[in-house]
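Data block for my_file24.csv (CSV, C-alpha atoms):
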chain,number,residue,atom,x,y,z
P,1,GLY,CA,-20.1,-56.4,-49.5
P,2,ASP,CA,-19.9,-53.4,-51.8
P,3,SER,CA,-20.4,-54.1,-55.5
P,4,VAL,CA,-20.9,-52.4,-58.9
P,5,THR,CA,-23.0,-53.6,-61.8
P,6,GLN,CA,-22.7,-52.3,-65.3
P,7,MET,CA,-24.8,-53.0,-68.4
P,8,GLU,CA,-23.3,-55.7,-70.6
P,9,GLY,CA,-21.6,-54.8,-73.8
P,10,PRO,CA,-20.5,-54.5,-76.4
P,11,VAL,CA,-22.4,-51.4,-77.2
P,12,THR,CA,-22.2,-50.4,-80.9
P,13,LEU,CA,-23.2,-46.9,-82.0
P,14,SER,CA,-22.9,-44.8,-85.1
P,15,GLU,CA,-20.9,-41.6,-84.9
P,16,GLU,CA,-22.9,-38.7,-83.3
P,17,ALA,CA,-25.3,-41.0,-81.6
P,18,PHE,CA,-26.4,-40.6,-78.0
P,19,LEU,CA,-24.6,-42.8,-75.4
P,20,THR,CA,-25.9,-44.2,-72.1
P,21,ILE,CA,-24.0,-46.8,-70.2
P,22,ASN,CA,-25.9,-47.9,-67.0
P,23,CYS,CA,-24.1,-48.4,-63.7
P,24,THR,CA,-25.7,-49.3,-60.4
P,25,TYR,CA,-24.0,-49.9,-57.1
P,26,THR,CA,-24.5,-51.5,-53.7
P,27,ALA,CA,-22.7,-50.0,-50.8
P,28,THR,CA,-23.1,-49.0,-47.2
P,29,GLY,CA,-22.6,-45.4,-46.3
P,30,TYR,CA,-21.8,-42.8,-48.9
P,31,PRO,CA,-19.3,-44.0,-51.5
P,32,SER,CA,-17.6,-41.8,-54.1
P,33,LEU,CA,-18.3,-42.9,-57.7
P,34,PHE,CA,-16.0,-42.9,-60.7
P,35,TRP,CA,-15.9,-43.7,-64.4
P,36,TYR,CA,-12.6,-44.8,-65.9
P,37,VAL,CA,-11.9,-45.5,-69.5
P,38,GLN,CA,-9.4,-48.0,-70.9
P,39,TYR,CA,-8.2,-47.8,-74.5
P,40,PRO,CA,-6.8,-51.0,-76.1
P,41,GLY,CA,-3.5,-52.1,-74.6
P,42,GLU,CA,-3.5,-49.3,-72.1
P,43,GLY,CA,-4.1,-48.7,-68.4
P,44,LEU,CA,-7.1,-47.0,-66.9
P,45,GLN,CA,-7.7,-43.2,-67.3
P,46,LEU,CA,-9.9,-41.3,-64.9
P,47,LEU,CA,-12.8,-39.9,-66.9
P,48,LEU,CA,-15.0,-38.3,-64.2
P,49,LYS,CA,-16.1,-38.6,-60.6
P,50,ALA,CA,-18.7,-37.5,-58.1
P,51,THR,CA,-18.3,-37.6,-54.4
P,52,LYS,CA,-21.8,-37.0,-53.0
P,53,ALA,CA,-25.5,-37.4,-53.9
P,54,ASP,CA,-26.7,-35.2,-56.8
P,55,ASP,CA,-23.2,-34.3,-57.8
P,56,LYS,CA,-22.6,-34.3,-61.6
P,57,GLY,CA,-19.2,-35.3,-62.9
P,58,SER,CA,-18.3,-34.2,-66.4
P,59,ASN,CA,-15.3,-34.3,-68.7
P,60,LYS,CA,-14.7,-34.4,-72.5
P,61,GLY,CA,-18.5,-34.2,-73.1
P,62,PHE,CA,-19.2,-37.2,-70.8
P,63,GLU,CA,-21.5,-36.7,-67.8
P,64,ALA,CA,-22.8,-38.8,-64.9
P,65,THR,CA,-25.0,-37.8,-62.0
P,66,TYR,CA,-24.8,-39.5,-58.6
P,67,ARG,CA,-28.3,-40.7,-57.8
P,68,LYS,CA,-28.5,-42.0,-54.3
P,69,GLU,CA,-32.2,-42.8,-54.5
P,70,THR,CA,-31.7,-45.2,-57.4
P,71,THR,CA,-28.1,-46.1,-56.4
P,72,SER,CA,-27.0,-45.3,-60.0
P,73,PHE,CA,-24.3,-43.4,-61.8
P,74,HIS,CA,-25.1,-43.7,-65.5
P,75,LEU,CA,-22.6,-42.4,-68.0
P,76,GLU,CA,-24.0,-40.2,-70.9
P,77,LYS,CA,-22.6,-38.4,-73.9
P,78,GLY,CA,-24.7,-36.5,-76.4
P,79,SER,CA,-22.7,-37.2,-79.5
P,80,VAL,CA,-20.1,-40.0,-79.6
P,81,GLN,CA,-17.0,-40.0,-81.9
P,82,VAL,CA,-15.0,-42.9,-83.3
P,83,SER,CA,-12.2,-41.9,-80.9
P,84,ASP,CA,-14.5,-42.7,-77.9
P,85,SER,CA,-14.3,-46.4,-78.7
P,86,ALA,CA,-12.9,-48.1,-75.6
P,87,VAL,CA,-13.9,-50.0,-72.5
P,88,TYR,CA,-15.6,-48.0,-69.7
P,89,PHE,CA,-15.5,-49.0,-66.1
P,90,CYS,CA,-17.7,-47.8,-63.3
P,91,ALA,CA,-16.2,-47.9,-59.8
P,92,LEU,CA,-16.8,-47.0,-56.2
P,93,TYR,CA,-14.6,-46.0,-53.3
P,94,ASN,CA,-16.1,-46.5,-49.8
P,95,GLN,CA,-13.5,-46.2,-47.0
P,96,GLY,CA,-10.4,-48.2,-46.9
P,97,GLY,CA,-8.0,-48.1,-49.8
P,98,LYS,CA,-9.6,-49.9,-52.7
P,99,LEU,CA,-11.7,-49.1,-55.7
P,100,ILE,CA,-14.4,-51.7,-56.5
P,101,PHE,CA,-15.0,-51.9,-60.3
P,102,GLY,CA,-17.8,-53.2,-62.5
P,103,GLN,CA,-17.0,-55.6,-65.2
P,104,GLY,CA,-16.7,-53.0,-67.9
P,105,THR,CA,-18.7,-52.1,-70.9
P,106,GLU,CA,-17.1,-52.1,-74.4
P,107,LEU,CA,-18.1,-49.2,-76.7
P,108,SER,CA,-17.6,-49.4,-80.4
P,109,VAL,CA,-18.4,-46.3,-82.5
P,110,LYS,CA,-18.7,-46.7,-86.2
P,111,PRO,CA,-18.1,-43.9,-88.7
E,112,ASP,CA,7.4,-37.7,-66.0
E,113,THR,CA,4.2,-36.9,-64.3
E,114,GLY,CA,2.4,-40.2,-64.5
E,115,VAL,CA,2.6,-43.7,-62.9
E,116,SER,CA,5.1,-45.9,-64.7
E,117,GLN,CA,5.4,-49.7,-64.7
E,118,ASN,CA,8.0,-52.0,-65.9
E,119,PRO,CA,8.2,-54.2,-67.8
E,120,ARG,CA,5.1,-53.6,-70.0
E,121,HIS,CA,5.0,-57.3,-71.1
E,122,LYS,CA,6.4,-60.4,-69.5
E,123,ILE,CA,6.2,-64.0,-70.9
E,124,THR,CA,7.4,-66.7,-68.5
E,125,LYS,CA,7.2,-70.4,-68.1
E,126,ARG,CA,5.1,-72.0,-65.4
E,127,GLY,CA,7.1,-72.4,-62.2
E,128,GLN,CA,9.3,-69.4,-62.7
E,129,ASN,CA,9.4,-66.3,-60.5
E,130,VAL,CA,8.6,-62.8,-61.9
E,131,THR,CA,8.9,-59.3,-60.5
E,132,PHE,CA,7.2,-56.2,-61.6
E,133,ARG,CA,8.0,-52.6,-60.7
E,134,CYS,CA,5.8,-49.6,-60.2
E,135,ASP,CA,6.9,-46.0,-59.9
E,136,PRO,CA,4.1,-43.8,-58.6
E,137,ILE,CA,3.5,-40.1,-59.1
E,138,SER,CA,6.2,-38.5,-57.0
E,139,GLU,CA,4.1,-36.7,-54.5
E,140,HIS,CA,1.7,-39.5,-53.9
E,141,ASN,CA,1.9,-41.4,-50.6
E,142,ARG,CA,-0.4,-44.3,-51.5
E,143,LEU,CA,0.3,-47.0,-54.0
E,144,TYR,CA,-2.1,-49.8,-55.1
E,145,TRP,CA,-1.8,-53.0,-57.0
E,146,TYR,CA,-4.7,-54.5,-59.0
E,147,ARG,CA,-5.1,-57.5,-61.3
E,148,GLN,CA,-7.2,-57.5,-64.4
E,149,THR,CA,-8.2,-60.6,-66.3
E,150,LEU,CA,-9.6,-60.5,-69.8
E,151,GLY,CA,-13.0,-59.1,-70.0
E,152,GLN,CA,-13.2,-58.2,-66.4
E,153,GLY,CA,-12.7,-55.1,-64.2
E,154,PRO,CA,-9.6,-54.7,-62.1
E,155,GLU,CA,-9.6,-56.5,-58.8
E,156,PHE,CA,-7.8,-55.1,-55.8
E,157,LEU,CA,-4.7,-56.9,-54.5
E,158,THR,CA,-3.0,-54.7,-52.0
E,159,TYR,CA,-2.0,-51.1,-51.1
E,160,PHE,CA,0.7,-49.1,-49.3
E,161,GLN,CA,0.7,-45.9,-47.5
E,162,ASN,CA,4.4,-44.8,-47.6
E,163,GLU,CA,6.3,-48.0,-46.8
E,164,ALA,CA,3.5,-49.6,-44.8
E,165,GLN,CA,1.3,-52.3,-46.4
E,166,LEU,CA,-2.1,-51.5,-45.0
E,167,GLU,CA,-4.4,-54.1,-46.7
E,168,LYS,CA,-4.1,-57.3,-48.6
E,169,SER,CA,-6.8,-59.0,-50.6
E,170,ARG,CA,-7.6,-62.7,-50.3
E,171,LEU,CA,-6.6,-62.8,-53.9
E,172,LEU,CA,-3.0,-62.3,-52.8
E,173,SER,CA,-1.9,-65.9,-52.2
E,174,ASP,CA,1.3,-66.9,-50.4
E,175,ARG,CA,3.0,-66.9,-53.8
E,176,PHE,CA,2.5,-63.2,-54.1
E,177,SER,CA,4.5,-60.6,-52.2
E,178,ALA,CA,4.6,-56.8,-52.6
E,179,GLU,CA,7.1,-54.4,-51.1
E,180,ARG,CA,7.6,-50.6,-51.0
E,181,PRO,CA,10.8,-50.4,-49.0
E,182,LYS,CA,11.5,-46.7,-49.1
E,183,GLY,CA,8.0,-45.4,-49.6
E,184,SER,CA,8.7,-44.6,-53.3
E,185,PHE,CA,8.6,-47.4,-55.9
E,186,SER,CA,7.0,-50.8,-55.3
E,187,THR,CA,7.7,-54.3,-56.5
E,188,LEU,CA,5.2,-57.1,-56.9
E,189,GLU,CA,6.8,-60.6,-57.0
E,190,ILE,CA,5.0,-63.8,-58.0
E,191,GLN,CA,6.8,-67.0,-57.1
E,192,ARG,CA,6.2,-70.3,-58.8
E,193,THR,CA,4.0,-68.8,-61.5
E,194,GLU,CA,0.9,-70.7,-62.6
E,195,GLN,CA,-1.1,-70.3,-65.8
E,196,GLY,CA,-3.9,-68.8,-63.8
E,197,ASP,CA,-1.6,-65.9,-63.0
E,198,SER,CA,-1.8,-64.7,-66.6
E,199,ALA,CA,-3.4,-61.2,-66.4
E,200,MET,CA,-2.7,-57.5,-66.5
E,201,TYR,CA,-1.2,-56.2,-63.3
E,202,LEU,CA,-2.1,-52.6,-62.7
E,203,CYS,CA,-0.5,-50.1,-60.4
E,204,ALA,CA,-2.1,-46.9,-59.2
E,205,SER,CA,-1.2,-44.1,-56.8
E,206,SER,CA,-3.0,-41.4,-54.9
E,207,PRO,CA,-2.3,-38.7,-52.4
E,208,THR,CA,-3.4,-39.0,-48.8
E,209,GLY,CA,-6.1,-36.9,-47.2
E,210,THR,CA,-9.2,-35.7,-48.9
E,211,LYS,CA,-8.1,-36.6,-52.4
E,212,GLN,CA,-6.9,-40.1,-51.5
E,213,GLU,CA,-9.9,-41.7,-53.2
E,214,THR,CA,-8.8,-40.6,-56.7
E,215,GLN,CA,-6.4,-43.1,-58.0
E,216,TYR,CA,-4.2,-42.7,-61.1
E,217,PHE,CA,-3.3,-45.8,-63.0
E,218,GLY,CA,-0.1,-46.8,-64.8
E,219,PRO,CA,-0.1,-48.6,-68.2
E,220,GLY,CA,0.1,-52.0,-66.6
E,221,THR,CA,2.3,-55.1,-67.0
E,222,ARG,CA,0.8,-57.9,-69.0
E,223,LEU,CA,1.9,-61.3,-67.8
E,224,LEU,CA,1.6,-64.5,-69.8
E,225,VAL,CA,2.5,-67.7,-68.1
E,226,LEU,CA,3.1,-70.6,-70.6

Please express the file's structure as structure tokens.
Amino acid sequence: GDSVTQMEGPVTLSEEAFLTINCTYTATGYPSLFWYVQYPGEGLQLLLKATKADDKGSNKGFEATYRKETTSFHLEKGSVQVSDSAVYFCALYNQGGKLIFGQGTELSVKP
Amino acid sequence: DTGVSQNPRHKITKRGQNVTFRCDPISEHNRLYWYRQTLGQGPEFLTYFQNEAQLEKSRLLSDRFSAERPKGSFSTLEIQRTEQGDSAMYLCASSPTGTKQETQYFGPGTRLLVL
């Protein structure tokens, strides 16, 4: 079945460092891909999405490019802030109703 | 209110008791989803509705779990005879139908602790 694999955390960075969180997927067909962010004690917020190969999703300085050839959707940000500290989830949607999530990657940004 | 709301936000119960959670979706959204999230894991799909019809249920949704959306607006998730393994965050999400149905918007969740 479909699945999503993320790099394990926690990831600890200094403020203004470059961020990459790896995400790869296994799916039949052509899924849509998402990144969600979860702040402590809260629900998930949609960060960005891409619906077809080579699409780039972007929001709040974060970017991810849908790479069908490598089945990847890595999240990047050029300069992280303390306020970016959260758990990031990669997810796919491939027909039917459900999102399939990775296990999440915790990001901690130190001043 | 333009977001998904869930009540209660926190629930502590004793093993064997029944609990019910409520979700109010974004008003124009036809689809409503329930997920369960345990500590350190990503959310896992439980079930979803399109209007009042329950279209899919996960194998995770045992006989002790039941979800309803009687008028196609809010939904309830009931857990009967709770067990300690039911302790988790229960997340609700909603989406429109059609070309944008894949983008789901989540509520703040209900955190359940079964003692």

>> Using all atoms listed in the file, I'd like every residue of chain E that has an atom within 6 Å of chain P; please write them out as a list of chain:residue names.
In response: E:Gln152, E:Gly153, E:Phe217, E:Gly218, E:Pro219, E:Gly220

>> So the first atom is CA of Lys182 in chain E and the second is CA of Tyr201 in chain E; what is the distance between them in Å, to one decimal place?
In response: 21.3 Å

>> As an exercise, work out the distance from CA of Asn59 in chain P to CA of Trp35 in chain P in Å and give it to one decimal place.
In response: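 That distance, rounded to one decimal, is 10.4 Å.
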
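Using all atoms listed in the file, the smallest distance between any of P:Gln6, P:Phe73, P:Lys60, P:Tyr39 and Ala86 in chain P comes from P:Tyr39.
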
> By how many Å are CA of Leu166 in chain E and CA of Pro136 in chain E apart?
Replying inline: 16.8 Å

>> Can you tell me which residues surround Arg175 in chain E at a distance of at most 10 Å, considering only C-alpha atoms, apart from same-chain residues fewer than 2 positions away, and format the answer as number ranges by chain?
In response: E: 129, 172-173, 177, 189-194

> For the point (-21.7, -49.0, -80.7) in file coordinates, what residues are within 7 Å, counting only C-alpha atoms? Give the answer as a PyMOL selection string?
Replying inline: chain P and resi 11-14+107-110

>> Show me the residues around (-3.4, -51.8, -44.5) - criterion: an atom at most 12 Å away, only C-alpha atoms counted - as a VMD selection string.
In response: (chain P and resid 95 to 98) or (chain E and resid 142 to 144 157 to 169)

Write to file, as a PDB file, in the coordinates of the input, the residues of the selection just made, with C-alpha atoms.
ATOM      1  CA  GLN P  95     -13.500 -46.200 -47.000  1.00  0.00           C
ATOM      2  CA  GLY P  96     -10.400 -48.200 -46.900  1.00  0.00           C
ATOM      3  CA  GLY P  97      -8.000 -48.100 -49.800  1.00  0.00           C
ATOM      4  CA  LYS P  98      -9.600 -49.900 -52.700  1.00  0.00           C
TER       5      LYS P  98
ATOM      6  CA  ARG E 142      -0.400 -44.300 -51.500  1.00  0.00           C
ATOM      7  CA  LEU E 143       0.300 -47.000 -54.000  1.00  0.00           C
ATOM      8  CA  TYR E 144      -2.100 -49.800 -55.100  1.00  0.00           C
ATOM      9  CA  LEU E 157      -4.700 -56.900 -54.500  1.00  0.00           C
ATOM     10  CA  THR E 158      -3.000 -54.700 -52.000  1.00  0.00           C
ATOM     11  CA  TYR E 159      -2.000 -51.100 -51.100  1.00  0.00           C
ATOM     12  CA  PHE E 160       0.700 -49.100 -49.300  1.00  0.00           C
ATOM     13  CA  GLN E 161       0.700 -45.900 -47.500  1.00  0.00           C
ATOM     14  CA  ASN E 162       4.400 -44.800 -47.600  1.00  0.00           C
ATOM     15  CA  GLU E 163       6.300 -48.000 -46.800  1.00  0.00           C
ATOM     16  CA  ALA E 164       3.500 -49.600 -44.800  1.00  0.00           C
ATOM     17  CA  GLN E 165       1.300 -52.300 -46.400  1.00  0.00           C
ATOM     18  CA  LEU E 166      -2.100 -51.500 -45.000  1.00  0.00           C
ATOM     19  CA  GLU E 167      -4.400 -54.100 -46.700  1.00  0.00           C
ATOM     20  CA  LYS E 168      -4.100 -57.300 -48.600  1.00  0.00           C
ATOM     21  CA  SER E 169      -6.800 -59.000 -50.600  1.00  0.00           C
TER      22      SER E 169
END

What's the 7 Å shell around Ala64 in chain P, counting all atoms listed in the file, without same-chain residues fewer than 4 positions away, as a PDB file with C-alpha atoms, in the frame of the given file?
ATOM      1  CA  LYS P  56     -22.600 -34.300 -61.600  1.00  0.00           C
ATOM      2  CA  GLY P  57     -19.200 -35.300 -62.900  1.00  0.00           C
ATOM      3  CA  SER P  58     -18.300 -34.200 -66.400  1.00  0.00           C
ATOM      4  CA  PHE P  73     -24.300 -43.400 -61.800  1.00  0.00           C
ATOM      5  CA  HIS P  74     -25.100 -43.700 -65.500  1.00  0.00           C
ATOM      6  CA  LEU P  75     -22.600 -42.400 -68.000  1.00  0.00           C
ATOM      7  CA  GLU P  76     -24.000 -40.200 -70.900  1.00  0.00           C
TER       8      GLU P  76
END

> From the list E:Ser116, E:Gln195, E:Ser206, E:Thr187, which residue is nearest Glu139 in chain E when using all atoms listed in the file?
Replying inline: E:Ser206

>> Given all atoms listed in the file as the basis, pick out the residue of E:Gly196, E:Gln215, E:Phe185, E:Thr113 nearest to Leu47 in chain P.
In response: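 Closest residue, counting all atoms listed in the file: E:Gln215.
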